[in-house]
Every structure is written in C-alpha cells, then in structure tokens.
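Undergrad: One structure follows; several queries about it will come next.
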Amino acid sequence: MSADRQKRDTARRALEFVEDGMRLGLGTGSTAVHFVAAIGERVADGLNVICVPTSEATAAQARSLNIPLTTLEETPELDLTVDGADELDDALNLIKGGGGALLREKIVASASDRMVIIVDASKHSEALGSFALPVEVVPFGAEATYRQLAAVAKAFGCQGDVTLRMKDGAPFMTDGQHLIYDCAFGVIEDAPGLADELNRIPGVVENGLFIGMATLALVGTDGGVKTIEPKR
Ligand code: 5RP
C-alpha cells in the first residue's frame, strides 16, 4: 500500500474524534491535507465546526472548501487538533516541522484539549532522531544562534550536521518570517532536556520536539490503522 493511501486512511479515521460544534485545530502537511479535505466534505454535508489553521497553506485549503475559520484571538481554547508528524515514538513524543509550520502547530496544539496525530507507518520509530530536528530561529544573529545550537547539540551527545533550510536558492522563510535550521542529530537520548535547552537560546523561537502534547496517534499501516496511546 502506498504511503499516501496510509495517510488518507489515517486522516479519515481521525474523523471519528470530531463532533458537531467542536473548535478544531487543523494541522499542516501532506497527511493533514487529507484530514482537511475530509472535514470539507463533512462541512458540505452540514457538520458545524470552527477551525484554526496552523499555516497559510492550510488556511488556503480550508477556505477553498468553505470550512469556517477563526483565530486563537477569537477562539483561544480548542477541543481538538489533528496534525501530522515527521517522527513519533511509543511515548508519543514527536518531531515536527518538516513542512516549516512547527511554531504555529505547537501554539495551536498547546491551546487544544486533545491532539490526535495522523501518520503513515514510516513515521513510527523506537527512538526519535532519524528525522533531522527543525529549529526555528529569528534571522537577526542567525550565525551566532547557529553556533549556540551546535554547542547545545554537542552537550547532549548529538552529532551530525546543522543545516540552514533553503528553498529555490534562498533561505526558507516560515509563515512567521523566521529561518529554520535542520539538525541531523541522530538518536536523541534526552528529548525533553534537549527541547528545553534549545529554547533557552535567545535566537531560537521554537524547536520541533513536541513532548507530552499528543494524546493519541493513528498510524496508517498496510494492515489497517493502528492506534497508539502514550506510555507515560
Ligand atoms: C509541518 C509538519 C508536518 O506535520 C510534518 O512535516 C508531517 O508532514 P507530512 O504529513 O507531509 O509527512 O510538522 O510543519
């Protein structure tokens, strides 16, 4: 079965968690696209929800499907966010930000009572770190921030390249006009400690480690959609 089919199946399964009247966070990425499409169909059939998108791309898709949108200013508390991930472990700690939306994704998830993760089977791993960790930084002083990132990585026993994300020959800019460093750290032994230490660097806006935020994951596999609940 293709990864895209697994993504579609898991996104459809996530509809089971959506109830009429809910305030929803809509994730970003190729898996979340399937969920937003499914919500669009339900809205066309009469589902009443109000949604906060985690990126401009998701906002554009939602608008094209007539999904009612709001902001965290108008609706600061959400019932449920459904989002993808780049990697997840059995404790449901995540690496996110492959699509560059990690800051808004973390803000929206933290405003939500529940966060359901939808992924294809390739994203599930025993220990986080096979996907390079995205770290969002402000452009001012980025070289100094880069050096501090490398020092923190070394202190946590993480090796591997820290690379400025590029797009079309220029630095990739997030929706918030920040840069992203992708940190190929390898296996991350102490993800909560690393996440805290990275966020202590003044130029770091946020890092892609989502620790203890997901309440449930739906993993699309060739044998069907598997549910993972966090072992904490
Ligand atoms: C975007 C994200 C995405 O959730 C993550 O990159 C997974 O994307 P996809 O579903 O396309 O594999 O964190 O910032």
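Labels for the structure tokens follow display order: chains A, B, ..., residues from 1 in each chain, ligands from 1.
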Dump the neighbourhood of ligand 1 as a ChimeraX atom specification: all residues within 6 Å, distances computed on only C-alpha atoms and all ligand atoms.

TA: /A:28-32,83-86,96-102

Undergrad: May I have the selected residues written with N, CA and C atoms, as a compact mmCIF listing (two decimals), in the first residue's frame?

TA:
# COMPACT_ATOMS: atom_id res chain seq x y z
N THR A 28 -0.81 20.82 9.39
CA THR A 28 -0.17 21.18 8.11
C THR A 28 0.60 19.98 7.58
N GLY A 29 0.64 19.85 6.25
CA GLY A 29 1.43 18.79 5.63
C GLY A 29 0.57 17.89 4.77
N SER A 30 1.22 16.90 4.15
CA SER A 30 0.53 16.07 3.16
C SER A 30 -0.48 15.12 3.80
N THR A 31 -0.32 14.81 5.09
CA THR A 31 -1.31 13.96 5.77
C THR A 31 -2.48 14.83 6.23
N ALA A 32 -2.15 15.98 6.80
CA ALA A 32 -3.20 16.90 7.25
C ALA A 32 -4.08 17.35 6.08
N ASP A 83 -3.17 16.64 13.48
CA ASP A 83 -1.99 17.10 12.74
C ASP A 83 -1.12 15.88 12.40
N GLY A 84 -0.25 16.06 11.43
CA GLY A 84 0.73 15.03 11.07
C GLY A 84 1.97 15.15 11.93
N ALA A 85 2.98 14.35 11.61
CA ALA A 85 4.27 14.43 12.32
C ALA A 85 5.33 13.85 11.39
N ASP A 86 6.56 14.25 11.64
CA ASP A 86 7.68 13.70 10.87
C ASP A 86 8.23 12.43 11.50
N LYS A 96 8.36 17.49 14.68
CA LYS A 96 7.54 18.13 13.67
C LYS A 96 8.29 19.32 13.08
N GLY A 97 7.77 19.81 11.98
CA GLY A 97 8.37 20.99 11.36
C GLY A 97 8.96 20.73 10.00
N GLY A 98 8.81 19.49 9.51
CA GLY A 98 9.30 19.20 8.15
C GLY A 98 8.67 20.13 7.13
N GLY A 99 7.44 20.54 7.39
CA GLY A 99 6.75 21.46 6.48
C GLY A 99 6.95 22.91 6.88
N GLY A 100 7.70 23.14 7.94
CA GLY A 100 8.03 24.51 8.33
C GLY A 100 6.99 25.22 9.17
N ALA A 101 5.99 24.48 9.66
CA ALA A 101 4.90 25.14 10.38
C ALA A 101 4.95 24.87 11.89
N LEU A 102 6.12 24.46 12.39
CA LEU A 102 6.17 23.95 13.77
C LEU A 102 5.73 24.96 14.82

Undergrad: Determine, counting only C-alpha atoms, which protein, DNA and RNA residues have an atom within 6 Å of an atom of A:Leu216; residues of the same chain fewer than 4 positions away are not included. Present the result as a ChimeraX atom specification.

TA: /A:116,228-229

Undergrad: Any chance you can output those residues with N, CA, C and O atoms as a CSV table (one decimal), in the first residue's frame?

TA:
chain,number,residue,atom,x,y,z
A,116,VAL,N,-4.6,14.8,18.2
A,116,VAL,CA,-4.5,13.5,17.6
A,116,VAL,C,-3.6,13.5,16.4
A,116,VAL,O,-3.7,14.4,15.6
A,228,ILE,N,-2.1,4.3,18.8
A,228,ILE,CA,-1.1,4.3,19.8
A,228,ILE,C,-1.5,5.3,20.9
A,228,ILE,O,-1.8,6.5,20.6
A,229,GLU,N,-1.5,4.9,22.1
A,229,GLU,CA,-1.8,5.8,23.2
A,229,GLU,C,-0.5,6.0,24.0
A,229,GLU,O,0.3,5.0,24.1

Undergrad: So how many Å separate atom CA of A:Ala14 and atom CA of A:Val36, to one decimal?

TA: 10.6 Å

Undergrad: Within 10 Å of A:Thr75, counting only C-alpha atoms, which residues show up once you throw out same-chain ones fewer than 3 positions away? Write them as a ChimeraX atom specification, please.

TA: /A:23-24,50-52,70-72,78,111

Undergrad: When DSSP is applied to the backbone of this structure, which of stretch 21-231 of chain A are assigned strand (DSSP E or B)? Write them out as an MDAnalysis selection string.

TA: chainID A and resid 23:26 50:53 69 78:83 87:88 94:95 112:120 124 133:137 162:164 166:167 170:171 179:183 204:207 209:210 216:221 224:228

Undergrad: Between A:Thr81, A:Thr54, A:Ser130, A:Gln6, which has the minimum distance to A:Val18 (counting only C-alpha atoms)?

TA: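 Of A:Thr81, A:Thr54, A:Ser130, A:Gln6, the one nearest A:Val18, counting only C-alpha atoms, is A:Thr81.
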
Undergrad: Smallest atom-to-atom distance to A:Phe172: which of A:Glu136, A:Asp196, A:Glu189, A:Glu87, using only C-alpha atoms?

TA: A:Glu136

Undergrad: Provide the atom CA of A:Val119 to atom CA of A:Val219 distance in Å, to one decimal place.

TA: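 Result for atom CA of A:Val119 versus atom CA of A:Val219: 5.1 Å, one decimal.
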
Undergrad: So which residues touch A:Arg13 within 8 Å, counting only C-alpha atoms, skipping near sequence neighbours fewer than 3 positions away, as a list in words?

TA: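 Counting only C-alpha atoms, the residues come to Asp9, Thr10, Glu16, Leu218 and Val225 of chain A.
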
Undergrad: Limited to all heavy atoms, could you put the picked residues into a file as a PDB file, in the first residue's frame?

TA:
ATOM      1  N   ASP A   9      -6.038   6.995   4.804  1.00  0.00           N
ATOM      2  CA  ASP A   9      -6.814   6.137   5.724  1.00  0.00           C
ATOM      3  C   ASP A   9      -6.778   6.670   7.152  1.00  0.00           C
ATOM      4  O   ASP A   9      -7.792   6.701   7.842  1.00  0.00           O
ATOM      5  CB  ASP A   9      -6.245   4.703   5.712  1.00  0.00           C
ATOM      6  CG  ASP A   9      -6.568   3.989   4.418  1.00  0.00           C
ATOM      7  OD1 ASP A   9      -7.342   4.537   3.602  1.00  0.00           O
ATOM      8  OD2 ASP A   9      -6.029   2.880   4.207  1.00  0.00           O
ATOM      9  N   THR A  10      -5.580   7.077   7.591  1.00  0.00           N
ATOM     10  CA  THR A  10      -5.471   7.559   8.968  1.00  0.00           C
ATOM     11  C   THR A  10      -6.213   8.889   9.138  1.00  0.00           C
ATOM     12  O   THR A  10      -6.859   9.139  10.157  1.00  0.00           O
ATOM     13  CB  THR A  10      -3.985   7.638   9.405  1.00  0.00           C
ATOM     14  OG1 THR A  10      -3.921   8.120  10.725  1.00  0.00           O
ATOM     15  CG2 THR A  10      -3.148   8.532   8.574  1.00  0.00           C
ATOM     16  N   GLU A  16     -13.465  10.218  13.331  1.00  0.00           N
ATOM     17  CA  GLU A  16     -14.232   9.626  14.438  1.00  0.00           C
ATOM     18  C   GLU A  16     -14.120  10.465  15.712  1.00  0.00           C
ATOM     19  O   GLU A  16     -14.931  10.326  16.618  1.00  0.00           O
ATOM     20  CB  GLU A  16     -13.734   8.204  14.734  1.00  0.00           C
ATOM     21  CG  GLU A  16     -14.087   7.227  13.639  1.00  0.00           C
ATOM     22  CD  GLU A  16     -13.531   5.835  13.885  1.00  0.00           C
ATOM     23  OE1 GLU A  16     -13.022   5.557  14.995  1.00  0.00           O
ATOM     24  OE2 GLU A  16     -13.600   5.029  12.936  1.00  0.00           O
ATOM     25  N   LEU A 218      -2.770   7.888  15.306  1.00  0.00           N
ATOM     26  CA  LEU A 218      -3.365   6.932  14.381  1.00  0.00           C
ATOM     27  C   LEU A 218      -2.330   6.687  13.295  1.00  0.00           C
ATOM     28  O   LEU A 218      -1.938   7.616  12.584  1.00  0.00           O
ATOM     29  CB  LEU A 218      -4.649   7.504  13.779  1.00  0.00           C
ATOM     30  CG  LEU A 218      -5.744   7.851  14.799  1.00  0.00           C
ATOM     31  CD1 LEU A 218      -6.865   8.647  14.136  1.00  0.00           C
ATOM     32  CD2 LEU A 218      -6.297   6.579  15.428  1.00  0.00           C
ATOM     33  N   VAL A 225      -5.437   0.814  10.237  1.00  0.00           N
ATOM     34  CA  VAL A 225      -4.973   1.954  11.054  1.00  0.00           C
ATOM     35  C   VAL A 225      -4.784   1.484  12.502  1.00  0.00           C
ATOM     36  O   VAL A 225      -5.698   0.940  13.111  1.00  0.00           O
ATOM     37  CB  VAL A 225      -5.999   3.113  10.994  1.00  0.00           C
ATOM     38  CG1 VAL A 225      -5.555   4.256  11.896  1.00  0.00           C
ATOM     39  CG2 VAL A 225      -6.150   3.603   9.556  1.00  0.00           C
TER      40      VAL A 225
END

Undergrad: Go ahead and compute the interatomic distance for atom CA of A:Ser125 and atom CA of A:Asp90, in Å to one decimal.

TA: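 Value for the atom CA of A:Ser125-atom CA of A:Asp90 distance: 7.7 Å.
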
Undergrad: Write out as a compact mmCIF listing (two decimals) with N, CA, C and O atoms, in the first residue's frame the residues lying within 9 Å of A:Leu15, counting only C-alpha atoms and excluding same-chain residues fewer than 2 positions away.

TA:
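Wrote it out as around06.txt, contents follow:
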# COMPACT_ATOMS: atom_id res chain seq x y z
N ALA A 11 -6.16 9.73 8.10
CA ALA A 11 -6.88 11.01 8.18
C ALA A 11 -8.39 10.78 8.27
O ALA A 11 -9.09 11.45 9.04
N ARG A 12 -8.87 9.82 7.50
CA ARG A 12 -10.32 9.52 7.54
C ARG A 12 -10.70 8.98 8.91
O ARG A 12 -11.77 9.30 9.45
N ARG A 13 -9.82 8.12 9.49
CA ARG A 13 -10.12 7.56 10.81
C ARG A 13 -10.23 8.66 11.86
O ARG A 13 -11.04 8.58 12.79
N PHE A 17 -13.09 11.30 15.79
CA PHE A 17 -12.88 12.10 17.00
C PHE A 17 -13.54 13.48 16.90
O PHE A 17 -13.50 14.26 17.84
N VAL A 18 -14.11 13.76 15.74
CA VAL A 18 -14.71 15.08 15.51
C VAL A 18 -16.20 15.04 15.82
O VAL A 18 -16.91 14.16 15.36
N GLU A 19 -16.64 16.00 16.63
CA GLU A 19 -18.07 16.08 16.97
C GLU A 19 -18.63 17.42 16.55
O GLU A 19 -17.89 18.41 16.47
N PHE A 35 -6.96 15.22 5.92
CA PHE A 35 -7.92 15.46 7.00
C PHE A 35 -8.75 16.71 6.68
O PHE A 35 -9.98 16.71 6.84
N ALA A 38 -11.31 15.91 4.21
CA ALA A 38 -12.42 15.14 4.79
C ALA A 38 -13.34 16.05 5.60
O ALA A 38 -14.57 15.91 5.55
N ILE A 39 -12.74 17.00 6.33
CA ILE A 39 -13.57 17.95 7.09
C ILE A 39 -14.40 18.79 6.12
O ILE A 39 -15.58 19.07 6.35

Undergrad: Name the closest residue to A:Val152 among the candidates A:Glu56, A:Glu197, A:Asp168, A:Asp79; distances are taken between atoms, counting only C-alpha atoms.

TA: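 For A:Val152, the nearest of the given residues is A:Glu197.
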
Undergrad: Between A:Thr174, A:Gly212, A:Val204, A:Val33, which one has atoms that come closest to A:Tyr146, using only C-alpha atoms?

TA: A:Val204

Undergrad: Measuring between only C-alpha atoms, which one of A:Glu206, A:Asp4, A:Asp182, A:Glu105 shows the shortest distance to A:Ala132?

TA: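 Counting only C-alpha atoms, the residue closest to A:Ala132 is A:Asp182.
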
Undergrad: Can you pull out the residues contacting A:Pro202? Cut-off 12 Å, using only C-alpha atoms, and skip same-chain residues under 6 positions away; I want them as a PyMOL selection string.

TA: chain A and resi 136-142+144-146+148-149

Undergrad: I'd like to know which of A:Met213, A:Leu80, A:Ala153, A:Ala57 is closest to A:Asp175, using only C-alpha atoms.

TA: A:Ala57

Undergrad: Just asking: which residues within stretch 2-62 of chain A are helix (DSSP H, G or I) according to DSSP, as a count of residues only?

TA: 37
